[in-house]
Structures are given as structure tokens and as C-alpha cells.
$ cat start07.txt   # compact mmCIF, C-alpha atoms and all ligand atoms
# COMPACT_ATOMS: atom_id res chain seq x y z
CA MET O 1 85.01 97.12 37.82
CA THR O 2 85.60 95.24 41.05
CA ALA O 3 85.41 97.01 44.40
CA ALA O 4 89.19 96.75 44.81
CA ALA O 5 89.73 98.55 41.53
CA MET O 6 87.52 101.48 42.48
CA ARG O 7 89.43 104.74 42.27
CA ILE O 8 87.16 106.32 44.85
CA PRO O 9 86.05 103.81 47.49
CA LEU O 10 82.72 104.09 49.26
CA LEU O 11 84.06 104.23 52.78
CA VAL O 12 87.50 103.98 54.33
CA PRO O 13 87.50 103.19 58.03
CA SER O 14 90.07 105.08 60.04
CA LEU O 15 90.98 103.56 63.35
CA PRO O 16 93.75 104.46 65.82
CA ASP O 17 97.19 103.36 64.67
CA ARG O 18 99.59 101.25 66.73
CA ASP O 19 101.22 104.27 68.35
CA ALA O 20 97.88 105.40 69.72
CA LEU O 21 97.13 101.87 70.96
CA TRP O 22 100.52 101.35 72.58
CA PRO O 23 99.83 102.80 76.06
CA TYR O 24 96.56 100.93 76.36
CA LEU O 25 98.12 97.64 75.25
CA GLY O 26 100.80 98.17 77.88
CA ARG O 27 98.13 98.45 80.51
CA ILE O 28 96.62 95.15 79.38
CA ASP O 29 100.03 93.45 79.59
CA GLN O 30 100.46 94.75 83.12
CA ALA O 31 97.00 93.93 84.44
CA ARG O 32 96.76 90.57 82.66
CA HIS O 33 93.04 91.13 82.54
CA TYR O 34 91.75 90.36 79.05
CA SER O 35 87.97 90.28 79.30
CA ASN O 36 85.12 89.95 81.84
CA PHE O 37 84.63 93.60 82.72
CA GLY O 38 88.29 94.53 82.98
CA PRO O 39 89.77 97.92 83.84
CA LEU O 40 89.82 99.27 80.26
CA VAL O 41 86.17 98.32 79.73
CA LYS O 42 85.33 100.05 83.01
CA GLU O 43 87.28 103.16 82.01
CA LEU O 44 85.57 103.27 78.62
CA GLU O 45 82.14 102.93 80.23
CA SER O 46 82.93 105.69 82.68
CA ARG O 47 84.27 108.08 80.03
CA LEU O 48 81.18 107.44 77.90
CA THR O 49 78.91 107.98 80.90
CA GLN O 50 80.55 111.37 81.48
CA ARG O 51 79.95 112.36 77.87
CA PHE O 52 76.29 111.43 78.00
CA GLU O 53 75.82 113.14 81.35
CA GLN O 54 77.19 116.38 79.86
CA HIS O 55 74.05 116.43 77.70
CA THR O 56 71.43 115.80 80.34
CA ALA O 57 70.66 116.55 83.98
CA LEU O 58 69.74 112.86 84.45
CA ASP O 59 72.04 110.10 85.70
CA MET O 60 73.18 107.86 82.85
CA HIS O 61 74.55 104.32 82.85
CA VAL O 62 76.63 102.74 80.10
CA VAL O 63 77.31 99.05 79.57
CA THR O 64 79.54 97.80 76.77
CA VAL O 65 78.66 94.84 74.56
CA SER O 66 80.43 93.01 71.76
CA SER O 67 78.22 94.51 69.03
CA ALA O 68 75.26 96.84 68.63
CA THR O 69 73.28 93.94 67.20
CA LEU O 70 73.62 92.04 70.48
CA GLY O 71 73.04 95.29 72.39
CA ILE O 72 69.68 95.74 70.64
CA GLU O 73 68.78 92.09 71.20
CA LEU O 74 69.59 92.30 74.92
CA ALA O 75 67.90 95.69 75.37
CA LEU O 76 64.76 94.19 73.79
CA THR O 77 65.05 91.14 76.03
CA THR O 78 65.05 93.36 79.15
CA LEU O 79 61.56 94.54 78.13
CA ASP O 80 60.36 91.00 78.97
CA LEU O 81 57.45 91.07 76.53
CA PRO O 82 55.53 87.83 75.86
CA PRO O 83 57.22 85.66 73.21
CA GLY O 84 56.15 86.58 69.67
CA SER O 85 55.05 90.10 70.67
CA PRO O 86 54.87 92.43 67.68
CA VAL O 87 57.70 94.99 67.66
CA LEU O 88 57.85 97.82 65.13
CA VAL O 89 60.93 98.52 63.05
CA PRO O 90 61.32 101.02 60.20
CA ALA O 91 61.50 99.67 56.64
CA LEU O 92 64.68 101.64 55.89
CA THR O 93 67.43 100.38 58.19
CA PHE O 94 70.27 97.89 58.40
CA VAL O 95 69.14 94.23 58.61
CA ALA O 96 70.55 93.93 62.16
CA THR O 97 67.57 95.91 63.50
CA LEU O 98 65.32 93.16 62.16
CA THR O 99 67.43 90.16 63.18
CA ALA O 100 67.81 91.50 66.73
CA VAL O 101 64.01 91.65 67.12
CA ILE O 102 63.65 88.07 65.86
CA ARG O 103 66.47 86.75 68.06
CA ALA O 104 64.92 88.47 71.09
CA GLY O 105 61.89 86.24 70.42
CA TYR O 106 59.53 88.87 69.04
CA THR O 107 57.79 89.38 65.69
CA PRO O 108 59.02 92.34 63.64
CA VAL O 109 56.41 94.65 62.20
CA VAL O 110 57.93 96.64 59.36
CA ALA O 111 56.53 100.19 59.35
CA ASP O 112 56.83 103.20 57.09
CA ILE O 113 59.12 106.20 57.63
CA ASP O 114 58.73 109.97 57.59
CA LEU O 115 59.40 111.73 54.29
CA ASP O 116 61.62 114.49 55.75
CA SER O 117 63.65 112.69 58.38
CA TRP O 118 63.58 109.17 56.82
CA LEU O 119 62.90 107.96 60.40
CA LEU O 120 60.03 106.58 62.43
CA THR O 121 58.09 109.33 64.21
CA PRO O 122 55.77 109.12 67.24
CA ALA O 123 52.80 109.73 64.89
CA ILE O 124 53.79 106.84 62.61
CA VAL O 125 54.40 104.52 65.56
CA GLU O 126 51.11 105.46 67.24
CA GLN O 127 49.18 104.75 64.05
CA ALA O 128 51.05 101.48 63.46
CA VAL O 129 50.42 100.39 67.05
CA SER O 130 46.70 100.97 66.65
CA GLU O 131 46.70 98.84 63.50
CA THR O 132 48.93 95.99 64.67
CA GLY O 133 48.87 95.95 68.47
CA ALA O 134 52.68 96.34 68.59
CA LYS O 135 54.06 96.41 72.13
CA ALA O 136 57.37 98.08 71.37
CA ALA O 137 59.33 99.83 68.63
CA VAL O 138 62.99 99.93 67.70
CA VAL O 139 63.38 103.44 66.36
CA VAL O 140 66.52 103.80 64.28
CA ALA O 141 68.75 106.88 64.03
CA THR O 142 69.19 106.09 60.32
CA PHE O 143 72.41 107.40 58.73
CA GLY O 144 73.36 108.89 62.10
CA GLN O 145 70.32 111.17 62.23
CA ALA O 146 69.39 111.69 65.88
CA HIS O 147 65.98 111.17 67.42
CA ASP O 148 64.46 113.45 70.05
CA SER O 149 64.97 111.00 72.92
CA LYS O 150 62.86 113.05 75.31
CA ALA O 151 59.92 113.02 72.89
CA TRP O 152 60.22 109.21 72.65
CA GLY O 153 60.50 108.90 76.44
CA ASP O 154 57.31 110.96 76.81
CA PHE O 155 55.66 108.85 74.11
CA GLN O 156 56.60 105.65 75.94
CA GLN O 157 55.19 107.01 79.18
CA ARG O 158 51.95 108.19 77.59
CA THR O 159 51.23 105.10 75.47
CA GLY O 160 52.94 102.24 77.32
CA VAL O 161 54.62 101.28 74.02
CA ARG O 162 58.24 100.44 74.88
CA ILE O 163 60.94 102.17 72.85
CA VAL O 164 64.53 101.15 72.14
CA ILE O 165 66.66 103.49 70.02
CA ASP O 166 69.02 101.83 67.55
CA ALA O 167 71.60 104.63 67.40
CA ALA O 168 74.26 102.28 66.02
CA ALA O 169 75.55 104.88 63.56
CA ALA O 170 74.71 107.98 65.61
CA PHE O 171 77.37 108.38 68.28
CA GLY O 172 77.96 112.12 68.60
CA SER O 173 74.51 113.03 67.29
CA GLN O 174 72.24 110.99 69.52
CA TRP O 175 72.06 111.99 73.18
CA VAL O 176 69.87 110.50 75.85
CA ASP O 177 67.61 112.89 77.71
CA THR O 178 65.00 110.61 79.19
CA PRO O 179 65.16 108.39 82.27
CA ASP O 180 64.10 104.96 81.07
CA LEU O 181 64.81 104.23 77.43
CA PRO O 182 67.75 102.12 76.21
CA VAL O 183 69.83 103.60 73.39
CA VAL O 184 72.29 101.34 71.58
CA PHE O 185 75.48 102.41 69.79
CA SER O 186 77.89 100.46 67.56
CA MET O 187 81.68 100.59 67.61
CA HIS O 188 82.06 98.64 64.37
CA ALA O 189 84.97 99.82 62.21
CA THR O 190 82.59 101.80 60.00
CA LYS O 191 80.93 103.73 62.82
CA SER O 192 81.76 107.09 64.35
CA LEU O 193 83.47 105.70 67.45
CA ALA O 194 85.27 102.69 66.02
CA ALA O 195 86.82 99.77 67.89
CA GLY O 196 86.72 97.19 65.08
CA GLU O 197 83.75 95.46 66.67
CA GLY O 198 81.80 96.45 69.76
CA GLY O 199 78.91 98.48 71.07
CA PHE O 200 77.31 99.89 74.17
CA VAL O 201 73.91 100.50 75.69
CA VAL O 202 73.13 103.82 77.39
CA CYS O 203 70.16 104.12 79.71
CA GLY O 204 69.05 106.29 82.62
CA ASN O 205 67.66 103.21 84.33
CA ARG O 206 70.40 101.28 86.08
CA HIS O 207 68.25 98.16 86.26
CA THR O 208 68.26 97.97 82.45
CA THR O 209 72.03 98.29 82.05
CA ASP O 210 72.59 95.80 84.92
CA LEU O 211 70.34 93.30 83.17
CA VAL O 212 72.10 93.82 79.84
CA MET O 213 75.43 93.27 81.62
CA GLU O 214 74.18 90.09 83.26
CA MET O 215 72.81 88.74 79.98
CA SER O 216 76.05 89.69 78.21
CA ASN O 217 77.77 87.33 80.67
CA PHE O 218 75.67 84.21 79.96
CA GLY O 219 72.91 85.33 82.35
CA ILE O 220 74.99 84.59 85.45
CA ASN O 221 73.80 86.51 88.52
CA LEU O 222 76.47 89.01 89.61
CA HIS O 223 74.47 90.76 92.34
CA PRO O 224 74.71 89.56 95.95
CA GLU O 225 71.52 91.42 96.87
CA LYS O 226 69.36 89.24 94.60
CA SER O 227 67.48 86.26 96.09
CA LEU O 228 69.56 84.02 93.82
CA PRO O 229 73.15 83.27 94.92
CA VAL O 230 75.94 84.95 92.94
CA GLY O 231 77.19 82.63 90.21
CA TYR O 232 73.83 80.99 89.58
CA LEU O 233 72.20 81.35 86.21
CA SER O 234 69.33 83.80 86.36
CA SER O 235 68.43 83.76 82.65
CA ALA O 236 69.58 82.15 79.41
CA GLY O 237 71.94 84.94 78.39
CA THR O 238 74.72 84.91 75.86
CA ASN O 239 78.34 85.97 75.62
CA ALA O 240 78.30 89.60 74.48
CA LYS O 241 81.19 90.93 76.56
CA LEU O 242 83.62 93.47 75.12
CA SER O 243 87.25 92.35 75.43
CA GLU O 244 89.98 94.55 76.91
CA TYR O 245 91.60 94.68 73.46
CA HIS O 246 88.49 96.15 71.91
CA ALA O 247 88.19 98.56 74.82
CA ALA O 248 91.80 99.64 74.17
CA VAL O 249 90.94 100.52 70.56
CA ALA O 250 87.75 102.26 71.66
CA LEU O 251 89.63 104.36 74.25
CA ALA O 252 92.24 105.39 71.69
CA SER O 253 89.41 106.22 69.26
CA LEU O 254 87.73 108.30 71.92
CA ASP O 255 90.99 110.22 72.49
CA GLY O 256 90.97 111.31 68.85
CA TRP O 257 87.22 111.48 68.39
CA ASP O 258 86.62 115.24 68.65
CA ALA O 259 89.31 116.04 66.09
CA ALA O 260 88.18 113.29 63.69
CA THR O 261 84.56 114.38 64.00
CA ALA O 262 85.37 118.02 63.25
CA ILE O 263 87.10 116.91 60.04
CA ARG O 264 84.25 114.67 58.92
CA HIS O 265 81.61 117.22 59.77
CA ALA O 266 83.34 119.99 57.80
CA LEU O 267 83.92 117.59 54.90
CA TYR O 268 80.26 116.60 54.89
CA LEU O 269 79.09 120.22 54.67
CA ARG O 270 81.61 121.11 51.94
CA TYR O 271 80.74 117.99 49.93
CA ARG O 272 77.03 118.57 50.22
CA GLU O 273 77.43 122.14 48.99
CA GLN O 274 79.50 120.96 46.00
CA LEU O 275 76.84 118.44 45.03
CA ASP O 276 74.06 121.03 45.35
CA GLN O 277 76.09 123.38 43.16
CA ALA O 278 76.76 120.67 40.58
CA CYS O 279 73.05 120.01 40.42
CA GLN O 280 72.27 123.69 39.92
CA ALA O 281 75.01 124.09 37.31
CA SER O 282 73.59 121.30 35.20
CA SER O 283 70.27 122.15 33.63
CA CYS O 284 68.40 119.90 36.01
CA ASN O 285 65.19 121.49 37.16
CA HIS O 286 65.16 119.91 40.58
CA ALA O 287 67.09 120.11 43.81
CA LEU O 288 68.78 117.22 45.56
CA THR O 289 66.82 116.00 48.56
CA TRP O 290 68.77 115.55 51.76
CA GLN O 291 67.74 113.87 54.97
CA HIS O 292 66.49 116.58 57.31
CA GLY O 293 69.37 117.77 59.55
CA THR O 294 73.09 117.06 59.54
CA PRO O 295 74.61 114.29 61.66
CA ALA O 296 77.30 115.60 64.03
CA SER O 297 79.73 112.82 63.16
CA PRO O 298 78.79 111.58 59.68
CA MET O 299 80.26 108.31 58.34
CA THR O 300 78.24 108.02 55.12
CA LEU O 301 76.61 110.36 52.64
CA SER O 302 73.26 109.53 51.08
CA VAL O 303 71.09 111.72 48.92
CA ARG O 304 67.85 111.45 46.95
CA LEU O 305 68.16 112.31 43.28
CA GLY O 306 64.52 113.05 42.45
CA SER O 307 63.82 110.02 40.27
CA LYS O 308 64.78 106.39 40.01
CA GLN O 309 66.01 106.92 36.43
CA ARG O 310 68.39 109.65 37.55
CA ARG O 311 69.65 107.49 40.43
CA ASP O 312 70.22 104.55 38.11
CA ARG O 313 72.05 106.79 35.63
CA LEU O 314 74.32 108.17 38.33
CA GLU O 315 75.07 104.64 39.53
CA GLN O 316 76.01 103.71 36.00
CA HIS O 317 78.19 106.81 35.49
CA CYS O 318 79.95 106.22 38.79
CA ALA O 319 80.59 102.55 38.04
CA GLU O 320 82.17 103.50 34.71
CA ARG O 321 84.42 106.07 36.39
CA GLY O 322 85.52 103.86 39.26
CA ILE O 323 83.46 105.69 41.86
CA ALA O 324 81.89 103.31 44.36
CA THR O 325 78.24 103.77 45.32
CA ARG O 326 75.87 101.78 47.49
CA ARG O 327 72.12 101.54 47.82
CA TRP O 328 72.27 101.56 51.60
CA TYR O 329 69.61 99.47 53.37
CA GLN O 330 68.17 97.97 50.24
CA PRO O 331 66.32 95.77 49.79
CA LEU O 332 63.97 97.26 52.40
CA LEU O 333 63.44 95.12 55.51
CA HIS O 334 60.17 93.45 54.58
CA GLN O 335 61.67 92.32 51.30
CA HIS O 336 63.84 89.90 53.30
CA ALA O 337 60.78 88.23 54.83
CA ALA O 338 60.60 85.16 52.58
CA LYS O 339 63.80 83.78 54.04
CA VAL O 340 63.66 84.93 57.67
CA GLY O 341 59.89 85.34 58.40
CA PRO O 342 57.48 85.53 60.08
CA ILE O 343 57.42 89.27 59.61
CA ILE O 344 54.37 91.52 59.62
CA SER O 345 54.62 94.01 56.74
CA MET O 346 52.67 97.22 56.75
CA THR O 347 52.37 99.28 53.59
CA THR O 348 55.43 101.49 53.27
CA PRO O 349 54.75 103.99 50.48
CA THR O 350 57.19 106.60 51.83
CA ALA O 351 60.03 104.14 52.37
CA ASN O 352 59.46 102.85 48.83
CA THR O 353 59.60 106.40 47.46
CA VAL O 354 62.77 107.27 49.38
CA ALA O 355 64.48 103.99 48.48
CA ALA O 356 63.69 104.39 44.78
CA ASP O 357 65.99 107.38 44.23
CA LEU O 358 68.38 107.14 47.20
CA ILE O 359 72.08 106.67 46.61
CA GLY O 360 75.05 106.37 48.96
CA LEU O 361 78.14 108.17 47.63
CA PRO O 362 81.79 107.86 48.70
CA PHE O 363 82.50 109.44 52.07
CA PHE O 364 85.60 109.13 54.24
CA ALA O 365 87.75 111.45 56.34
CA MET O 366 90.69 111.48 53.92
CA MET O 367 88.56 112.29 50.87
CA SER O 368 90.23 115.02 48.82
CA ASP O 369 88.60 118.01 47.17
CA ALA O 370 89.60 116.52 43.81
CA GLN O 371 87.70 113.33 44.65
CA ILE O 372 84.66 115.34 45.71
CA ALA O 373 84.88 117.22 42.41
CA GLN O 374 84.88 113.91 40.52
CA VAL O 375 81.72 112.80 42.26
CA ALA O 376 80.11 116.21 41.59
CA HIS O 377 81.14 115.91 37.95
CA ALA O 378 79.53 112.48 37.66
CA LEU O 379 76.37 113.92 39.20
CA GLN O 380 76.28 116.75 36.67
CA HIS O 381 76.57 114.29 33.81
CA ALA O 382 73.96 111.92 35.11
CA GLN O 383 71.19 114.51 34.83
C1 LIG M 401 75.86 99.24 62.03
C2 LIG M 401 74.44 99.12 62.41
C3 LIG M 401 73.99 98.07 63.23
C4 LIG M 401 74.88 96.93 63.63
O1 LIG M 401 75.93 97.31 64.48
P1 LIG M 401 77.04 96.20 64.87
O2 LIG M 401 77.82 96.82 65.96
O3 LIG M 401 77.83 95.97 63.63
O4 LIG M 401 76.32 94.98 65.32
C5 LIG M 401 72.67 98.06 63.60
N1 LIG M 401 71.82 99.03 63.21
C6 LIG M 401 72.20 100.05 62.43
C7 LIG M 401 71.22 101.10 62.05
C8 LIG M 401 73.53 100.12 61.99
O5 LIG M 401 73.90 101.14 61.21
$ encode --input "start07.txt" --output "C-alpha cells"
Amino acid sequence: MTAAAMRIPLLVPSLPDRDALWPYLGRIDQARHYSNFGPLVKELESRLTQRFEQHTALDMHVVTVSSATLGIELALTTLDLPPGSPVLVPALTFVATLTAVIRAGYTPVVADIDLDSWLLTPAIVEQAVSETGAKAAVVVATFGQAHDSKAWGDFQQRTGVRIVIDAAAAFGSQWVDTPDLPVVFSMHATKSLAAGEGGFVVCGNRHTTDLVMEMSNFGINLHPEKSLPVGYLSSAGTNAKLSEYHAAVALASLDGWDAATAIRHALYLRYREQLDQACQASSCNHALTWQHGTPASPMTLSVRLGSKQRRDRLEQHCAERGIATRRWYQPLLHQHAAKVGPIISMTTPTANTVAADLIGLPFFAMMSDAQIAQVAHALQHAQ
């Protein structure tokens, strides 16, 4: 069955409709400012700053970018590590985490994950640093699961290992409670605060967000106080600016974000309970294994089935019933190495174990109870 013919799709983005966009588009018409840090971009950054500052006593700074991938690349570039420096990434994440490290000029070191959280932990990173000499780590808030930013900030201070958090899919879960650690969010259509494409970097250190902003604008110096004249190139940056049109969508998304999140969060909990019940009702002598914790604003639903055979059977059952599934983040990062290398691969027994029985099931705000029941039914029969 082709994806288009699926009765229950994997994911259905829901972005603001034209009525919600209308007032913002009117403002663009009036200002005739379409990109280059326009008024809507500035308003978005300031509203996001307020949100992050509600969760910490620290000052926060937000700079928008055209994607999280470029945000991670630029955040890594601000670290100014020697070219080729080893930088840790977890084995279970979207490929953008890896490509951003390579494009920032560093060498990715693919490390294992924690069995409960499916994330990198300070203990894993410390061990991996001692084995590989890594200078930095991109820790990923995989499937929207937040990291303890303060713990990572303390880790960075204690060890000198620089940390960037890839929180692309974790807006609403991931807060920033540490003064000097860049955290990057995505506004891709499939993420919790959706603008179609876009992203932003949050950091307590203004120097970092200023540098990201400068590099997002080709590397042109924008600061009169620097020794270099304004308008001169201060580094080989890129164009990663967010347009006013994308900011308009993001602002309209932000207007409806709390309501949309409440719906998705409640749906996630209800769905998870139904699947647990389906598993208990069938004679399976195991429980489903969930990632530790619940994301505040979930966009996907992944679960471990206890064995590869059971996962493969459920995939097969779903395919036959027109229920879309996805093995998110597979193949694991180091399995891409042949084509994009050089990559340093550590052994990743836990990531291999998690990946072997992990399945992504349909999840979207408009999912009906009947659709959830169909997925639960497929689960029961795949035991
Ligand atoms: C979506 C995602 C990205 C990429 O975000 P874009 O804004 O599409 O560039 C990077 N990392 C993770 C973990 C993601 O989920």
C-alpha cells in the first residue's frame, strides 16, 4: 500500500490557516519588510524570549534561523574548536544532528544512549570523552524528551566539554536553565511550534546569539563597537535568516500553541494507555517499554515492543491494514558513515537494542478514538 493510500497516516502537520495568518500578512504588506531581521522576526524572538525567561531566573536571548539544522551548525561554529575536532552525537537521532557537525568542520563521534531515556547522559559523555578526546557533544532531546539543561551546564563547566542541545523536536518540553549553553529548536512543519521551515537558538550568553545572528547573515559585522567596520565580513557565514513570512506563520502558531499542545498531550496519554491495555488484554507476557517521561508537546509516538520479531510483526500487520508506521532514526547514525564519513563510531549496544524493537506509530492532533482503537487492535494481533 502506498503512503497516500494509508487509512491512518503517520503524522499530519497542522499549521495555522489563512484566517490566522491574515493579520500578520497585513503587517508585512504595510511594512514592506520581507526579511533581514524584520519586525515580525523581532516580535517572534521577543515572545520566545519571554517564554524561556518564565522558566528561569537567568536572562535569555533568542535568535531565529531558517532551520534547526543550520542553527546547530552555527551554534557549533561559535564554539570555535580546531577543524576536525571530535564532537559526540548520539546514535539514535535524526541525520541532521550528524550533518550539522560535519558541516561545522568537526568529526562526529557516534556514542551510545541511555536505556531508560534513550538520550545521551553526562556519564555516557564523560566516558566517551575519555575514550575519544571529544571536545564537545550535541545532546539531542530525542522524540521531544527534555534534557536537564542545568545538569549539562554544570557538566560543561566542570569538564570543559562544550555542549549544544539539539532540542529540534522539544519546544514546550525543553527549557534553558543555564547561562552559557546554546539550545536549538526547529519550526519545521512536523515540529511542535510549526512555521513550515525555520528554527531558533536560545542561549543565556548574548555573545553566542549575536554570533549566530551574524553568521546567519553571511558573516557580515553588524556591531559598530567591534574593531571591524560595520558591513565588513567578519567570518565566512551563510544565509540562515528567517523570512518575515515564516515569522508570520510562527507567530500565528504561537498564538494557538497552548491549546494545540493541551490537545496533543491529552491524546498522547490516552493513546498510550490504550496501547498498554491492548498489550495486557492479549496474552503477551511483557509490557510495552516507553521512553522515560512524557514530552509536554508530543508530535510523534514511539514505543519498544520487547522483541524485534514482535516489532516486525506489528509493522506487517499495520501495513496490511493501512496503518502507517516508521522506524524513526533508522538506520542509526554510524550506519550512514560509508557515504558521508569520516565518522568515529563507538560501540552502541544500547542504541542497537532500542532500535531493534522500536516502532513509530501514527500520531496527530486530529486522531480519533476509533483510529487509536485500530492501532491498539493491530498491536493485540501482532503478539
Ligand atoms: C527535525 C529535527 C532536526 C532538523 O530540524 P530542521 O528545522 O528541519 O532543520 C534536527 N534534529 C532533530 C532531533 C530533529 O528532530
$ residues_near_ligand --input "start07.txt" --ligand "ligand LIG 401 (chain M)" --cutoff "6 Å" --atoms "all atoms listed in the file" --output "list in words"
Ser67, Ala68, Thr69, Thr93, Phe94, Ala96, Thr97, Val140, Thr142, Asp166, Ala168, Ala169, Ser186, Met187, His188, Gly198 and Gly199 of chain O
$ residues_around --input "start07.txt" --residues "O:Gln174" --least-positions-apart "5" --cutoff "8 Å" --atoms "all atoms listed in the file" --output "MDAnalysis selection string"
chainID O and resid 141 144:147 167
$ closest_residue --input "start07.txt" --among "O:Ala57, O:Ala266, O:Met215, O:Arg103" --to "O:Pro179" --atoms "all atoms listed in the file"
O:Ala57
$ residues_around --input "start07.txt" --residues "O:Gln274" --least-positions-apart "2" --cutoff "10 Å" --atoms "only C-alpha atoms" --output "list of chain:residue names"
O:Tyr268, O:Leu269, O:Arg270, O:Tyr271, O:Arg272, O:Asp276, O:Gln277, O:Ala278, O:Cys279, O:Gln280, O:Asp369, O:Ile372, O:Ala373, O:Val375, O:Ala376, O:His377
$ residues_around --input "start07.txt" --residues "O:Leu314" --least-positions-apart "5" --cutoff "7 Å" --atoms "all atoms listed in the file" --output "list in words"
Ala378, Leu379 and Ala382 of chain O
$ write_last_selection --input "start07.txt" --atoms "C-alpha atoms" --output "PDB file, in the frame of the given file"
ATOM      1  CA  ALA O 378      79.530 112.480  37.660  1.00  0.00           C
ATOM      2  CA  LEU O 379      76.370 113.920  39.200  1.00  0.00           C
ATOM      3  CA  ALA O 382      73.960 111.920  35.110  1.00  0.00           C
TER       4      ALA O 382
END
